[in-house]
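Visitor: What follows is the file run32.pdb, containing PDB, C-alpha atoms:
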ATOM      1  CA  MET A 293       0.000   0.000   0.000
ATOM      2  CA  ASN A 294       1.284   3.461  -0.889
ATOM      3  CA  ILE A 295       0.568   7.154  -0.540
ATOM      4  CA  VAL A 296       1.586  10.009  -2.800
ATOM      5  CA  GLU A 297       3.497  13.129  -1.736
ATOM      6  CA  ILE A 298       1.622  15.885  -3.536
ATOM      7  CA  SER A 299       4.460  18.375  -4.027
ATOM      8  CA  THR A 300       6.868  15.859  -5.583
ATOM      9  CA  GLY A 301       4.597  13.058  -6.789
ATOM     10  CA  LYS A 302       6.839  10.675  -4.871
ATOM     11  CA  ILE A 303       5.184   7.385  -3.938
ATOM     12  CA  SER A 304       5.922   6.178  -0.418
ATOM     13  CA  PRO A 305       5.096   2.765   1.045
ATOM     14  CA  ILE A 306       2.862   2.712   4.111
ATOM     15  CA  GLU A 307       1.833   0.247   6.791
ATOM     16  CA  VAL A 308      -1.526  -0.114   8.476
ATOM     17  CA  LEU A 309      -1.018  -1.317  12.031
ATOM     18  CA  PRO A 310      -3.178  -1.793  15.118
ATOM     19  CA  VAL A 311      -3.148   1.223  17.444
ATOM     20  CA  GLU A 312      -1.418   0.409  20.714
ATOM     21  CA  ASN A 313      -2.306   1.858  24.098
ATOM     22  CA  LYS A 314       0.825   4.046  24.133
ATOM     23  CA  ASP A 315      -0.242   5.637  20.809
ATOM     24  CA  TYR A 316      -3.215   7.373  22.419
ATOM     25  CA  LYS A 317      -0.860   9.811  24.158
ATOM     26  CA  SER A 318       0.000  11.342  20.790
ATOM     27  CA  ILE A 319      -3.481  11.177  19.261
ATOM     28  CA  SER A 320      -4.950  14.599  19.998
ATOM     29  CA  LYS A 321      -8.303  15.976  18.964
ATOM     30  CA  THR A 322      -6.575  19.009  17.442
ATOM     31  CA  ARG A 323      -4.585  16.914  15.010
ATOM     32  CA  TYR A 324      -7.003  14.035  14.449
ATOM     33  CA  PHE A 325     -10.360  15.877  14.676
ATOM     34  CA  PHE A 326     -12.148  13.394  16.977
ATOM     35  CA  ASP A 327     -11.739  12.160  20.526
ATOM     36  CA  TRP A 328     -10.060   8.858  19.653
ATOM     37  CA  LYS A 329      -9.740   7.864  23.286
ATOM     38  CA  GLU A 330     -13.439   7.012  23.125
ATOM     39  CA  GLU A 331     -12.484   4.245  20.685
ATOM     40  CA  ARG A 332      -9.951   2.542  22.953
ATOM     41  CA  LYS A 333     -12.111  -0.567  23.295
ATOM     42  CA  GLU A 334     -12.705  -0.867  19.553
ATOM     43  CA  GLU A 335     -10.510  -2.212  16.778
ATOM     44  CA  VAL A 336      -8.462   0.831  15.755
ATOM     45  CA  PHE A 337      -5.773   0.960  13.050
ATOM     46  CA  LYS A 338      -3.238   3.636  12.122
ATOM     47  CA  VAL A 339      -1.470   4.482   8.873
ATOM     48  CA  VAL A 340       2.251   5.232   9.107
ATOM     49  CA  LEU A 341       5.003   5.546   6.537
ATOM     50  CA  LYS A 342       6.847   2.213   6.503
ATOM     51  CA  GLY A 343       9.301   2.101   9.381
ATOM     52  CA  GLN A 344       8.147   5.401  10.903
ATOM     53  CA  ASN A 345       6.015   6.297  13.895
ATOM     54  CA  ASP A 346       4.101   9.423  12.925
ATOM     55  CA  ILE A 347       0.403   8.611  12.513
ATOM     56  CA  LEU A 348      -1.047   9.933   9.247
ATOM     57  CA  GLY A 349      -4.576   8.619   9.644
ATOM     58  CA  LEU A 350      -6.793   6.432  11.792
ATOM     59  CA  VAL A 351      -9.765   4.138  11.392
ATOM     60  CA  SER A 352     -11.942   2.426  13.947
ATOM     61  CA  ILE A 353     -14.005  -0.536  12.783
ATOM     62  CA  GLU A 354     -16.627  -2.981  14.015
ATOM     63  CA  ARG A 355     -16.806  -6.493  12.566
ATOM     64  CA  ILE A 356     -20.409  -7.677  12.294
ATOM     65  CA  PRO A 357     -20.176 -11.379  11.325
ATOM     66  CA  THR A 358     -23.949 -11.906  11.429
ATOM     67  CA  GLU A 359     -24.233  -9.406   8.562
ATOM     68  CA  TRP A 360     -20.924 -10.280   6.824
ATOM     69  CA  ARG A 361     -20.059  -6.632   7.288
ATOM     70  CA  VAL A 362     -17.268  -4.390   8.573
ATOM     71  CA  HIS A 363     -18.653  -1.042   9.714
ATOM     72  CA  ILE A 364     -16.326   1.953   9.731
ATOM     73  CA  ARG A 365     -17.117   3.708  12.998
ATOM     74  CA  LEU A 366     -14.664   6.545  12.760
ATOM     75  CA  LEU A 367     -12.122   7.554  10.148
ATOM     76  CA  THR A 368      -9.753  10.482   9.980
ATOM     77  CA  VAL A 369      -6.698  11.848   8.260
ATOM     78  CA  SER A 370      -4.309  14.019  10.282
ATOM     79  CA  LYS A 371      -4.555  17.792   9.944
ATOM     80  CA  GLU A 372      -1.507  18.257   7.677
ATOM     81  CA  HIS A 373      -3.001  15.998   5.022
ATOM     82  CA  VAL A 374      -6.326  17.791   4.623
ATOM     83  CA  GLY A 375      -7.168  20.718   2.361
ATOM     84  CA  ASN A 376      -5.145  22.715  -0.143
ATOM     85  CA  GLY A 377      -1.826  22.506   1.673
ATOM     86  CA  LYS A 378      -1.952  18.780   2.338
ATOM     87  CA  VAL A 379       1.276  16.824   2.156
ATOM     88  CA  PHE A 380       0.105  13.299   1.259
ATOM     89  CA  GLU A 381      -2.811  12.006  -0.746
ATOM     90  CA  ASN A 382      -4.709   8.679  -0.547
ATOM     91  CA  ILE A 383      -4.564   8.218   3.226
ATOM     92  CA  ALA A 384      -8.338   7.835   3.646
ATOM     93  CA  GLY A 385      -8.507   5.570   0.582
ATOM     94  CA  ASN A 386      -5.904   3.265   2.075
ATOM     95  CA  LEU A 387      -7.805   3.086   5.353
ATOM     96  CA  ILE A 388     -11.050   2.181   3.585
ATOM     97  CA  ALA A 389      -9.182  -0.375   1.457
ATOM     98  CA  TYR A 390      -7.723  -1.876   4.650
ATOM     99  CA  ALA A 391     -11.219  -2.255   6.131
ATOM    100  CA  ALA A 392     -12.223  -3.841   2.809
ATOM    101  CA  LYS A 393      -9.363  -6.343   3.094
ATOM    102  CA  ILE A 394     -10.557  -7.347   6.557
ATOM    103  CA  ALA A 395     -14.111  -7.762   5.244
ATOM    104  CA  VAL A 396     -13.055  -9.913   2.267
ATOM    105  CA  ALA A 397     -10.689 -12.012   4.397
ATOM    106  CA  ASP A 398     -13.510 -12.662   6.882
ATOM    107  CA  PHE A 399     -16.547 -12.936   4.617
ATOM    108  CA  GLY A 400     -15.321 -13.639   1.066
ATOM    109  CA  ALA A 401     -17.896 -13.031  -1.657
ATOM    110  CA  LEU A 402     -20.420 -11.768   0.930
ATOM    111  CA  ALA A 403     -18.099  -9.038   2.221
ATOM    112  CA  CYS A 404     -19.332  -5.515   2.802
ATOM    113  CA  VAL A 405     -17.845  -2.316   4.249
ATOM    114  CA  SER A 406     -20.255   0.349   5.416
ATOM    115  CA  LEU A 407     -20.072   3.917   6.665
ATOM    116  CA  ARG A 408     -22.419   6.828   7.220
ATOM    117  CA  PRO A 409     -20.949  10.160   6.200
ATOM    118  CA  LYS A 410     -22.819  13.444   6.564
ATOM    119  CA  SER A 411     -25.142  13.985   3.621
ATOM    120  CA  SER A 412     -23.077  16.979   2.488
ATOM    121  CA  ILE A 413     -20.042  14.794   1.794
ATOM    122  CA  ALA A 414     -21.747  11.511   0.838
ATOM    123  CA  GLN A 415     -21.383  12.207  -2.888
ATOM    124  CA  HIS A 416     -17.612  12.427  -2.497
ATOM    125  CA  TYR A 417     -17.474   8.861  -1.091
ATOM    126  CA  ILE A 418     -19.981   7.527  -3.607
ATOM    127  CA  LYS A 419     -17.955   8.898  -6.500
ATOM    128  CA  LYS A 420     -14.456   8.255  -5.245
ATOM    129  CA  TYR A 421     -14.976   4.727  -3.893
ATOM    130  CA  ASN A 422     -17.866   3.585  -6.066
ATOM    131  CA  MET A 423     -20.156   3.067  -3.089
ATOM    132  CA  ASN A 424     -23.791   2.020  -3.020
ATOM    133  CA  VAL A 425     -26.413   4.080  -1.192
ATOM    134  CA  THR A 426     -29.031   2.629   1.155
ATOM    135  CA  GLY A 427     -30.801   5.397   3.056
ATOM    136  CA  THR A 428     -28.056   7.239   4.907
ATOM    137  CA  THR A 429     -25.641   4.300   4.741
ATOM    138  CA  LEU A 430     -22.994   3.918   2.075
ATOM    139  CA  SER A 431     -21.544   0.507   1.405
ATOM    140  CA  ILE A 432     -19.116  -1.229  -0.865
ATOM    141  CA  GLU A 433     -19.512  -4.887  -1.752
ATOM    142  CA  VAL A 434     -18.482  -7.412  -4.389
ATOM    143  CA  PRO A 435     -17.566  -6.666  -7.152
ATOM    144  CA  GLU A 436     -16.530  -3.062  -6.339
ATOM    145  CA  ILE A 437     -14.817  -4.035  -3.079
ATOM    146  CA  VAL A 438     -12.406  -6.301  -5.001
ATOM    147  CA  ASP A 439     -11.525  -3.475  -7.380
ATOM    148  CA  LEU A 440     -10.954  -1.104  -4.461
ATOM    149  CA  ILE A 441      -8.542  -3.535  -2.803
ATOM    150  CA  ASN A 442      -6.680  -4.129  -6.050
ATOM    151  CA  GLN A 443      -6.455  -0.372  -6.611
ATOM    152  CA  TYR A 444      -4.844   0.352  -3.244
ATOM    153  CA  ASP A 445      -3.168  -2.899  -2.252
ATOM    154  CA  HIS A 446      -0.007  -3.080  -4.295
ATOM    155  CA  ASP A 447       3.674  -2.368  -3.675
TER     156      ASP A 447
ATOM    157  CA  MET B 298     -13.159  24.057  -8.442
ATOM    158  CA  THR B 299     -15.818  26.121  -6.638
ATOM    159  CA  LYS B 300     -15.559  27.210  -3.006
ATOM    160  CA  LYS B 301     -18.388  24.801  -2.132
ATOM    161  CA  GLN B 302     -16.623  21.870  -3.786
ATOM    162  CA  ASN B 303     -13.401  22.740  -1.961
ATOM    163  CA  LEU B 304     -15.270  22.768   1.323
ATOM    164  CA  ILE B 305     -16.856  19.382   0.597
ATOM    165  CA  ASN B 306     -13.477  17.892  -0.307
ATOM    166  CA  ASP B 307     -11.816  19.247   2.834
ATOM    167  CA  GLU B 308     -14.656  18.009   5.011
ATOM    168  CA  SER B 309     -14.687  14.569   3.426
ATOM    169  CA  GLU B 310     -10.938  14.232   3.814
ATOM    170  CA  TYR B 311     -10.805  14.944   7.511
ATOM    171  CA  GLY B 312     -13.056  12.038   8.120
ATOM    172  CA  VAL B 313     -16.291  10.345   8.983
ATOM    173  CA  ASP B 314     -18.072   9.678  12.255
ATOM    174  CA  SER B 315     -20.377   6.732  11.504
ATOM    175  CA  ARG B 316     -20.990   5.614  15.049
ATOM    176  CA  TYR B 317     -24.547   4.594  15.794
ATOM    177  CA  LYS B 318     -26.132   6.713  18.497
ATOM    178  CA  THR B 319     -28.936   4.289  19.385
ATOM    179  CA  SER B 320     -29.561   0.559  18.994
ATOM    180  CA  LYS B 321     -32.767   1.388  17.115
ATOM    181  CA  GLU B 322     -30.761   3.335  14.550
ATOM    182  CA  ARG B 323     -28.336   0.421  14.211
ATOM    183  CA  GLU B 324     -31.100  -2.183  13.772
ATOM    184  CA  HIS B 325     -32.919  -0.030  11.228
ATOM    185  CA  ASP B 326     -29.732   0.336   9.191
ATOM    186  CA  ALA B 327     -28.893  -3.357   9.452
ATOM    187  CA  VAL B 328     -32.274  -4.458   8.095
ATOM    188  CA  ASN B 329     -32.387  -1.969   5.232
ATOM    189  CA  LEU B 330     -28.796  -2.533   4.219
ATOM    190  CA  MET B 331     -29.163  -6.320   4.253
ATOM    191  CA  GLN B 332     -32.285  -6.143   2.072
ATOM    192  CA  ALA B 333     -30.538  -3.934  -0.455
ATOM    193  CA  ARG B 334     -27.428  -6.118  -0.462
ATOM    194  CA  LEU B 335     -29.373  -9.333  -0.992
ATOM    195  CA  GLU B 336     -31.006  -7.721  -4.016
ATOM    196  CA  ARG B 337     -27.646  -6.667  -5.419
ATOM    197  CA  MET B 338     -26.162 -10.123  -4.749
ATOM    198  CA  LYS B 339     -28.692 -11.652  -7.125
ATOM    199  CA  ASN B 340     -26.946  -9.878  -9.978
ATOM    200  CA  LEU B 341     -23.456 -11.144  -9.189
ATOM    201  CA  THR B 342     -21.834 -13.206 -11.918
ATOM    202  CA  LYS B 343     -19.898 -16.422 -11.296
ATOM    203  CA  GLU B 344     -16.696 -14.630 -12.268
ATOM    204  CA  GLN B 345     -17.273 -11.855  -9.725
ATOM    205  CA  ILE B 346     -17.856 -14.412  -6.973
ATOM    206  CA  LEU B 347     -14.756 -16.354  -8.019
ATOM    207  CA  ARG B 348     -12.598 -13.209  -7.955
ATOM    208  CA  ALA B 349     -13.799 -12.465  -4.413
ATOM    209  CA  LYS B 350     -13.173 -16.025  -3.235
ATOM    210  CA  LEU B 351      -9.658 -16.050  -4.672
ATOM    211  CA  LEU B 352      -8.893 -12.660  -3.155
ATOM    212  CA  GLN B 353     -10.082 -14.010   0.202
ATOM    213  CA  LEU B 354      -7.731 -16.967  -0.196
ATOM    214  CA  THR B 355      -4.824 -14.645  -1.071
ATOM    215  CA  LEU B 356      -5.464 -12.481   1.996
ATOM    216  CA  LYS B 357      -5.663 -15.540   4.264
ATOM    217  CA  MET B 358      -2.426 -16.943   2.873
ATOM    218  CA  GLU B 359      -0.666 -13.588   3.333
ATOM    219  CA  SER B 360      -1.962 -13.361   6.874
ATOM    220  CA  TYR B 361      -0.742 -16.897   7.674
ATOM    221  CA  LEU B 362       2.730 -16.054   6.353
ATOM    222  CA  LYS B 363       2.986 -12.945   8.521
ATOM    223  CA  ASP B 364       2.869 -14.790  11.831
ATOM    224  CA  PRO B 365       3.997 -18.196  12.945
ATOM    225  CA  VAL B 366       1.043 -20.430  13.725
ATOM    226  CA  TYR B 367       1.625 -23.442  15.932
ATOM    227  CA  ASP B 368      -1.325 -25.768  15.583
ATOM    228  CA  HIS B 369      -2.152 -29.201  14.260
ATOM    229  CA  GLN B 370      -3.923 -27.935  11.183
ATOM    230  CA  ASN B 371      -2.473 -28.665   7.756
ATOM    231  CA  HIS B 372      -2.533 -25.170   6.272
ATOM    232  CA  PHE B 373      -1.016 -25.996   2.899
ATOM    233  CA  ALA B 374      -3.619 -28.682   2.297
ATOM    234  CA  ASP B 375      -6.439 -26.429   3.530
ATOM    235  CA  PHE B 376      -5.431 -23.573   1.242
ATOM    236  CA  LEU B 377      -5.043 -25.984  -1.663
ATOM    237  CA  GLN B 378      -8.503 -27.417  -1.072
ATOM    238  CA  THR B 379     -10.049 -23.918  -0.929
ATOM    239  CA  TYR B 380      -8.234 -22.974  -4.141
ATOM    240  CA  ILE B 381      -9.436 -26.014  -6.060
ATOM    241  CA  ASP B 382     -13.016 -25.900  -4.752
ATOM    242  CA  ALA B 383     -13.321 -22.210  -5.687
ATOM    243  CA  ILE B 384     -12.435 -22.930  -9.315
ATOM    244  CA  TYR B 385     -13.562 -26.492 -10.083
ATOM    245  CA  SER B 386     -16.765 -28.406  -9.453
ATOM    246  CA  LYS B 387     -14.781 -31.678  -9.417
ATOM    247  CA  ARG B 388     -11.300 -32.028  -7.949
ATOM    248  CA  SER B 389     -10.463 -34.668 -10.536
ATOM    249  CA  GLU B 390     -10.659 -31.931 -13.200
ATOM    250  CA  PHE B 391      -7.930 -29.995 -11.426
ATOM    251  CA  ALA B 392      -5.864 -33.187 -11.134
ATOM    252  CA  LYS B 393      -6.204 -33.649 -14.895
ATOM    253  CA  ASP B 394      -5.239 -30.020 -15.573
ATOM    254  CA  ILE B 395      -1.980 -30.331 -13.660
ATOM    255  CA  ASN B 396      -1.304 -33.872 -14.811
ATOM    256  CA  VAL B 397      -1.440 -35.741 -11.497
ATOM    257  CA  THR B 398      -3.697 -38.633 -10.552
ATOM    258  CA  PRO B 399      -6.883 -37.916  -8.581
ATOM    259  CA  VAL B 400      -5.622 -40.348  -5.937
ATOM    260  CA  PHE B 401      -2.366 -38.426  -5.494
ATOM    261  CA  LEU B 402      -4.294 -35.140  -5.236
ATOM    262  CA  SER B 403      -6.704 -36.588  -2.715
ATOM    263  CA  GLN B 404      -3.808 -37.872  -0.583
ATOM    264  CA  VAL B 405      -2.159 -34.440  -0.578
ATOM    265  CA  ILE B 406      -5.412 -32.686   0.328
ATOM    266  CA  ASN B 407      -6.060 -35.158   3.141
ATOM    267  CA  SER B 408      -2.479 -34.876   4.400
ATOM    268  CA  HIS B 409      -1.737 -38.533   3.758
ATOM    269  CA  ARG B 410       1.091 -37.651   1.452
ATOM    270  CA  GLU B 411       3.649 -34.859   1.107
ATOM    271  CA  PRO B 412       3.298 -32.775  -2.052
ATOM    272  CA  LYS B 413       6.306 -33.320  -4.295
ATOM    273  CA  GLU B 414       8.274 -30.290  -5.438
ATOM    274  CA  GLU B 415       6.980 -30.867  -8.961
ATOM    275  CA  PHE B 416       3.399 -30.701  -7.677
ATOM    276  CA  ILE B 417       4.022 -27.338  -6.004
ATOM    277  CA  LEU B 418       5.676 -26.013  -9.162
ATOM    278  CA  LYS B 419       2.661 -27.046 -11.222
ATOM    279  CA  LEU B 420       0.379 -25.393  -8.684
ATOM    280  CA  MET B 421       2.434 -22.205  -8.964
ATOM    281  CA  ILE B 422       2.065 -22.133 -12.751
ATOM    282  CA  HIS B 423      -1.670 -22.877 -12.492
ATOM    283  CA  SER B 424      -2.170 -20.048  -9.958
ATOM    284  CA  GLU B 425      -0.205 -17.627 -12.068
ATOM    285  CA  LYS B 426      -2.644 -18.154 -14.920
ATOM    286  CA  VAL B 427      -5.751 -18.022 -12.736
ATOM    287  CA  PHE B 428      -4.752 -14.960 -10.731
ATOM    288  CA  LYS B 429      -3.922 -12.972 -13.856
ATOM    289  CA  TYR B 430      -7.644 -12.133 -13.914
ATOM    290  CA  VAL B 431      -8.020 -11.594 -10.191
ATOM    291  CA  GLY B 432      -5.337  -9.289  -8.878
ATOM    292  CA  SER B 433      -1.923  -9.433  -7.364
ATOM    293  CA  PHE B 434      -0.746 -12.885  -6.346
ATOM    294  CA  GLN B 435       2.828 -13.998  -6.179
ATOM    295  CA  LYS B 436       3.207 -17.549  -7.323
ATOM    296  CA  LYS B 437       6.004 -18.164  -4.813
ATOM    297  CA  THR B 438       3.319 -17.891  -2.095
ATOM    298  CA  TRP B 439       2.532 -21.633  -2.388
ATOM    299  CA  LEU B 440       6.158 -22.534  -1.777
ATOM    300  CA  GLN B 441       6.341 -20.064   1.106
ATOM    301  CA  ILE B 442       3.234 -21.570   2.706
ATOM    302  CA  TYR B 443       4.677 -25.064   2.423
ATOM    303  CA  PHE B 444       8.008 -24.186   4.022
ATOM    304  CA  HIS B 445       6.489 -21.807   6.581
ATOM    305  CA  GLU B 446       4.317 -24.653   7.778
ATOM    306  CA  LYS B 447       7.284 -27.023   7.915
ATOM    307  CA  LEU B 448       9.210 -24.470   9.953
ATOM    308  CA  CYS B 449       6.328 -23.864  12.380
ATOM    309  CA  ASP B 450       5.672 -27.600  12.815
ATOM    310  CA  THR B 451       9.344 -28.358  13.395
ATOM    311  CA  MET B 452       9.756 -25.640  16.004
ATOM    312  CA  ALA B 453       6.489 -26.540  17.715
ATOM    313  CA  SER B 454       7.383 -30.230  18.030
ATOM    314  CA  GLN B 455      10.884 -29.779  19.467
ATOM    315  CA  ASP B 456       9.967 -31.693  22.615
ATOM    316  CA  THR B 457       9.244 -34.735  20.489
ATOM    317  CA  TRP B 458      12.222 -34.826  18.168
ATOM    318  CA  LYS B 459      14.942 -32.950  20.058
ATOM    319  CA  PRO B 460      15.883 -35.508  22.784
ATOM    320  CA  GLU B 461      16.527 -38.310  20.296
ATOM    321  CA  ILE B 462      18.278 -36.139  17.713
ATOM    322  CA  GLU B 463      20.405 -34.447  20.365
ATOM    323  CA  LYS B 464      21.894 -37.834  21.319
ATOM    324  CA  GLN B 465      23.186 -38.209  17.799
ATOM    325  CA  VAL B 466      24.925 -34.828  17.670
ATOM    326  CA  THR B 467      28.375 -34.428  19.217
ATOM    327  CA  PHE B 468      30.949 -31.661  19.172
ATOM    328  CA  THR B 469      34.659 -32.109  18.772
ATOM    329  CA  ALA B 470      36.705 -30.703  21.618
ATOM    330  CA  SER B 471      38.438 -28.235  19.361
ATOM    331  CA  ILE B 472      35.157 -26.409  18.620
ATOM    332  CA  VAL B 473      33.431 -26.460  21.996
ATOM    333  CA  LYS B 474      35.355 -26.408  25.242
TER     334      LYS B 474
END
Please lay out the structure from this file as structure tokens.

Guide:
Amino acid sequence: MNIVEISTGKISPIEVLPVENKDYKSISKTRYFFDWKEERKEEVFKVVLKGQNDILGLVSIERIPTEWRVHIRLLTVSKEHVGNGKVFENIAGNLIAYAAKIAVADFGALACVSLRPKSSIAQHYIKKYNMNVTGTTLSIEVPEIVDLINQYDHD
Amino acid sequence: MTKKQNLINDESEYGVDSRYKTSKEREHDAVNLMQARLERMKNLTKEQILRAKLLQLTLKMESYLKDPVYDHQNHFADFLQTYIDAIYSKRSEFAKDINVTPVFLSQVINSHREPKEEFILKLMIHSEKVFKYVGSFQKKTWLQIYFHEKLCDTMASQDTWKPEIEKQVTFTASIVK
């Protein structure tokens, strides 16, 4: 999995790793927009440049085996990578693709990843990740989920 | 890009809070989403299902290789079985395609026989062709799985083999004092 440095176009390899207890000390609301400490008991993953410690983005998920679904509870990209001056691109896409990998590994052809963005930004997710709309919930399933993984999961 | 579009992009990039506030909200979403998904699933083609199944297998194999697993399961045989059953309706057809006897294949799948190197090489070539239409898969993965399992099994069963083998190993005085 990779991200792109916008100013140079340089592609850098990343890792998605489980968030450890010690990480929460450096995860502030100012830099990561939400109170991530509330997610301590959930499955939370971080994106870092390979071999580095600085957290570029976070995702908290819930596996729902009875529905063959992984629900994205909370997702964020750190402050420096948002807006016009952002340094790296594709952080959120990699986090969604990682949730998709978990869903396909667990549920195969029945896999689904869901999330519920605010209506004002739903179109962005629908367009960018080819998501389906059901009420206020967006979801990605087979076949689109396979394409998403193949798009993001390569070295 | 308009100011409004910029704002939407910025907002969407900083993230999403999808947490359910009430159990009623969660149940409502679960029912509606499942109904919609079941409808969409009816339109899936065999190829789309196969791609998903093979991607699932790839992810499970990668995950197994990441960490040592000490158990009594035969992972190589399990992965092989999943691979064949995803593609073929009869295992004998796969045996024919890679030029081995159905009996030999059955013995490998049921862990009654070790796969020969030639068998693994054939499996690698077969996978290379199949996965060309699926996504990234490194054919060496089969070989890695086989040896990773050997390594894990050997290390996990040290108590069984080590005492007897240790008796047969001696050091000359010049090496070890």

Visitor: So which residues touch Ile394 in chain A within 9 Å, counting only C-alpha atoms, skipping near sequence neighbours fewer than 3 positions away, as a ChimeraX atom specification?

Guide: /A:355,362,389-391,397-399,403 /B:356

Visitor: Find, counting all atoms listed in the file, the residue in B:Gln378, B:Ser471, B:Gln435, B:Ser403 that gets nearest to chain A.

Guide: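 Of B:Gln378, B:Ser471, B:Gln435, B:Ser403, the one nearest chain A is B:Gln435, counting all atoms listed in the file.
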
Visitor: Please identify all residues of chain A having at least one atom at most 8 Å from any atom of chain B, considering only C-alpha atoms, and return them as a VMD selection string.

Guide: chain A and resid 324 to 325 359 364 to 371 374 to 375 384 393 396 to 401 407 to 410 412 to 413 416 to 417 426 to 427 429 434 to 435 438 442 446

Visitor: Mind checking which residues fall within 9 Å of Met293 in chain A, counting only C-alpha atoms, ignoring those fewer than 5 positions away in the same chain, and posting them as a list in words?

Guide: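 Neighbouring residues, sequence-local ones excluded: Ser304, Pro305, Ile306, Glu307, Val308, Asn386, Tyr444, Asp445, His446 and Asp447 of chain A.
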
Visitor: Care to translate the PyMOL selection byres ((chain B and resi 391) around 12) into actual residues of this file, as a PyMOL selection string?

Guide: chain B and resi 377-378+380-390+392-403+416+419-420+423-424

Visitor: For a test of reading the model, state the distance in Å between CA of Ser454 in chain B and CA of Met421 in chain B, rounded to one decimal.

Guide: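 About the pair CA of Ser454 in chain B and CA of Met421 in chain B: they are 28.6 Å apart.
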
Visitor: Using all atoms listed in the file, find the one residue out of A:Asn382, A:Thr358, A:Ser318, A:Asn294 that sits nearest to Asp346 in chain A.

Guide: A:Ser318

Visitor: List every protein, DNA or RNA residue that has at least one atom no more than 9 Å from (-2.7, -2.6, 10.6) in the file's coordinates, counting all atoms listed in the file, and write the result as a list in words.

Guide: Glu307, Val308, Leu309, Pro310, Val311, Val336, Phe337, Lys338, Val339 and Tyr390 of chain A

Visitor: Hey, can you spit out that residue selection with C-alpha atoms as a tab-separated table (two decimals), in the coordinates of the input?

Guide:
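Result written to part11.tsv:
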chain	number	residue	atom	x	y	z
A	307	GLU	CA	1.83	0.25	6.79
A	308	VAL	CA	-1.53	-0.11	8.48
A	309	LEU	CA	-1.02	-1.32	12.03
A	310	PRO	CA	-3.18	-1.79	15.12
A	311	VAL	CA	-3.15	1.22	17.44
A	336	VAL	CA	-8.46	0.83	15.76
A	337	PHE	CA	-5.77	0.96	13.05
A	338	LYS	CA	-3.24	3.64	12.12
A	339	VAL	CA	-1.47	4.48	8.87
A	390	TYR	CA	-7.72	-1.88	4.65

Visitor: Using the chain letters and numbering of this document, enumerate as a PyMOL selection string the residues selected by the PyMOL selection byres ((chain A and resi 381) around 8).

Guide: chain A and resi 295-298+373+378-380+382-383

Visitor: With 6 Å added on each side, what axis-aligned box encloses every listed atom of range 358-367 of chain A? Give the centre and edge lengths in Å to one decimal, as JSON.

Guide:
{"center_x": -18.2, "center_y": -2.2, "center_z": 9.9, "size_x": 24.1, "size_y": 31.5, "size_z": 18.2}

Visitor: Please measure the separation of CA of His363 in chain A and CA of Ser320 in chain B, giving the value in Å to one decimal.

Guide: 14.4 Å

Visitor: Find the distance between CA of Ile437 in chain A and CA of Ala395 in chain A and write it in Å to one decimal.

Guide: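 Between CA of Ile437 in chain A and CA of Ala395 in chain A the gap is 9.1 Å.
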